[in-house]
Each structure stands twice: as structure tokens, then as C-alpha cells.
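Notes follow the structure.
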Amino acid sequence: RTFVVYCRCRSAFRIPNGESVRRGEGGRALPWIDTRSRYLPAPAEHVARDLLIELRLHAEDLEEAINRGLQGAHSQLLALTVAANAFADDPVLECACRTDPGVADREWAQGYMPPQHPIPPNSRALDAEGAKALAAAADHHPERLRFGRVLAFYREALRHARVGSSLLAVEHLHIAAETLTPLLRGRLQRMLGVEEIELAERLNVAPDSPNLGKALLSAIRLREIYGGEKALARDVERISNGFEHGFADLSDAREQARTVHTRAAERIRAAII
């Protein structure tokens, strides 16, 4: 059975009118997913209202199609939010139905459509081609699941990228950096053709360190993510650990996070891309 599932979400970025970001082959090859912005009618046709995410897929029944459709929409938003460096809300179901030809009684469902705010959120333009490239790279990454988690943690940092929420943003940025670091270690080892001991020596990490693996990851994170900015790397880790383990004063941690949030986000996003 084939189904179409439409999801929507409010977004702080917009895809240029007439363009979309598609994953999958499209046409008769399923599944595929297509994301585009919906715009207001004239005379405000340049103002984006929300994102519409269309998914075409095979499923046993309508419930499975909706569940898989929502999961696919969530997955699509991970790459798009990182590419745009702007947040999009969690997708919700707009409608879904069976699309097989020759079916007289089609299964269908429609989500609740709440009243829309008369003023859409401000948004930045998304480079659709760049977003497609990032999404394709994520799909074909040799450690796709871990890289997907990196994107997810960065997206959560974007969720909190607003005044008063820098502490939660920095917490998720640190988790994203820690999740990304083993991927960077593997890439360095493949590029240099070395094992852990030799890589440690090249990064000036003592091979006889009590915890070589941890020391090596810290060195890689400093070099590959924070660009050698020791103070920035130290501050992000201290803020995150102090908040997570409860030994930092909350007001102090919030103020410290506010001062490092932007620089940390720039470094981590650059390392992801």
C-alpha cells in the first residue's frame, strides 16, 4: 500500500518560493520526502507562513504510514535546521491518505488545524542546494546514526538559542561536540593511516597517559572543533559539567553561558559541516 503524509511546522527559516528540498529518488521510487515553504497570498506573497513536508511511502496501514511519516519529517528537519542555523518546531500531522490507484474507499486522516497567528514568524532564507548536499551527506555518512545524533543535539541547541536560554543551548552544544569527536578521530586515523598511539603522538598526547582514549578525544575536540581556543573549550565543558552535575551556581552558569554561546555554536556548526 502507498500513502502520502503531509506534515507542517513553524520555522525560523524559509525555502525560496518555487524551490524545495527533496530526499529520495522521487517519481515512482519510494520513499521520498519533499520540504517547501508555504507563503501568504498577495500582496504578502514574499512572507513565508510555515514549512510543508510531503512524504510518499509504503506502509501496511494508515497508522504505520503516519508514524513513519512523522519520523521522516523529524529526520528531514535535522539537516535543514543545521544548514539554515535556525530552528523549526517539531512537525505535526496535517493530513494523510492512501494513494493506490483503483481504490474506492481510501483510508485517510486529518490533524487538528489550530487558528494561525496573523503574523508569521520572522525567517531567514535557506540555501536549498546547500541543504540538499548536507542532507545527502548525512544519509550516506559511514556512521549515519551517530552523525544523526550530532545533528539532533545541535538542533536542540537551536531550540534554546534565545535570550535567557543560553545555558540549555550550551549544554546541548557540548553534547553535540562530544558526540562528534569520535567521528573526527576516525576520520583523522583514516586520513593519516595511523593507529591510536601514533595519532596521540602526532597530537602531542603522551601515549602513556592514564586514560589515553579520553586524553586523545579532548585533544581532537580542541583542535578540530574549537580551533585551538583552549579557553573556549574549557569554558563550555566547565559550564556544561557544572550545570549537569549541580556544582555550579545557576545564575553564574547562565551568565557564563551567555558569553560563550555564540562562539561555541559557530565552532561546532563549522565542524559539523
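Ligands are numbered from 1 in the order shown, residues from 1 within each chain, and chains are lettered A, B, ... in the order they appear in the C-alpha cells.
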Checklist line | Within 7 Å of region 198-206 of chain A using only C-alpha atoms, minus same-chain residues under 4 positions, as a PyMOL selection string | finding: chain A and resi 189+194+215-216+219
Margin query: Which residues are near region 174-177 of chain A? Cut-off 12 Å, only C-alpha atoms, ignore same chain within fewer than 5 positions. Put them as an MDAnalysis selection string.
Written below: chainID A and resid 82 146:158 167:169 182:184 217:218 220:226 232:241 243:244 257 260:261 264:272
Could you build a table of the residues in region 162-188 of chain A lying no more than 8 Å from region 248-255 of chain A, giving for each the nearest pair of atoms and their separation in Å rounded to one decimal place, using only C-alpha atoms, ordered by chain and ascending residue number, as JSON lines?
{"residue": "A:Gly164", "atom": "CA", "partner": "A:Arg254", "partner_atom": "CA", "distance": 7.8}
{"residue": "A:Ser165", "atom": "CA", "partner": "A:Arg254", "partner_atom": "CA", "distance": 7.9}
{"residue": "A:Ser166", "atom": "CA", "partner": "A:Arg254", "partner_atom": "CA", "distance": 6.7}
{"residue": "A:Leu167", "atom": "CA", "partner": "A:Arg254", "partner_atom": "CA", "distance": 5.2}
Could those residues be written to a file, using all heavy atoms, as a PDB file, in the first residue's frame?
ATOM      1  N   GLY A 164      17.878  34.318  27.535  1.00  0.00           N
ATOM      2  CA  GLY A 164      17.504  33.629  28.759  1.00  0.00           C
ATOM      3  C   GLY A 164      17.680  32.136  28.726  1.00  0.00           C
ATOM      4  O   GLY A 164      17.528  31.479  29.756  1.00  0.00           O
ATOM      5  N   SER A 165      18.009  31.562  27.553  1.00  0.00           N
ATOM      6  CA  SER A 165      18.132  30.100  27.440  1.00  0.00           C
ATOM      7  C   SER A 165      19.516  29.648  27.000  1.00  0.00           C
ATOM      8  O   SER A 165      19.695  28.510  26.578  1.00  0.00           O
ATOM      9  CB  SER A 165      17.083  29.563  26.447  1.00  0.00           C
ATOM     10  OG  SER A 165      15.778  29.714  26.970  1.00  0.00           O
ATOM     11  N   SER A 166      20.500  30.532  27.111  1.00  0.00           N
ATOM     12  CA  SER A 166      21.844  30.176  26.646  1.00  0.00           C
ATOM     13  C   SER A 166      22.424  28.981  27.388  1.00  0.00           C
ATOM     14  O   SER A 166      23.191  28.199  26.817  1.00  0.00           O
ATOM     15  CB  SER A 166      22.790  31.372  26.784  1.00  0.00           C
ATOM     16  OG  SER A 166      22.476  32.371  25.854  1.00  0.00           O
ATOM     17  N   LEU A 167      22.059  28.813  28.658  1.00  0.00           N
ATOM     18  CA  LEU A 167      22.622  27.697  29.424  1.00  0.00           C
ATOM     19  C   LEU A 167      22.217  26.360  28.813  1.00  0.00           C
ATOM     20  O   LEU A 167      23.059  25.468  28.632  1.00  0.00           O
ATOM     21  CB  LEU A 167      22.170  27.784  30.880  1.00  0.00           C
ATOM     22  CG  LEU A 167      22.674  26.670  31.819  1.00  0.00           C
ATOM     23  CD1 LEU A 167      24.188  26.566  31.787  1.00  0.00           C
ATOM     24  CD2 LEU A 167      22.182  26.927  33.250  1.00  0.00           C
TER      25      LEU A 167
END
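Note that the spacing between CA of Gly130 (chain A) and CA of Arg14 (chain A) amounts to 13.5 Å.
In this comparison, which uses only C-alpha atoms, the residue of A:Pro207, A:Gly193, A:Gly72, A:Pro115 approaching Arg23 (chain A) most closely is A:Gly72.
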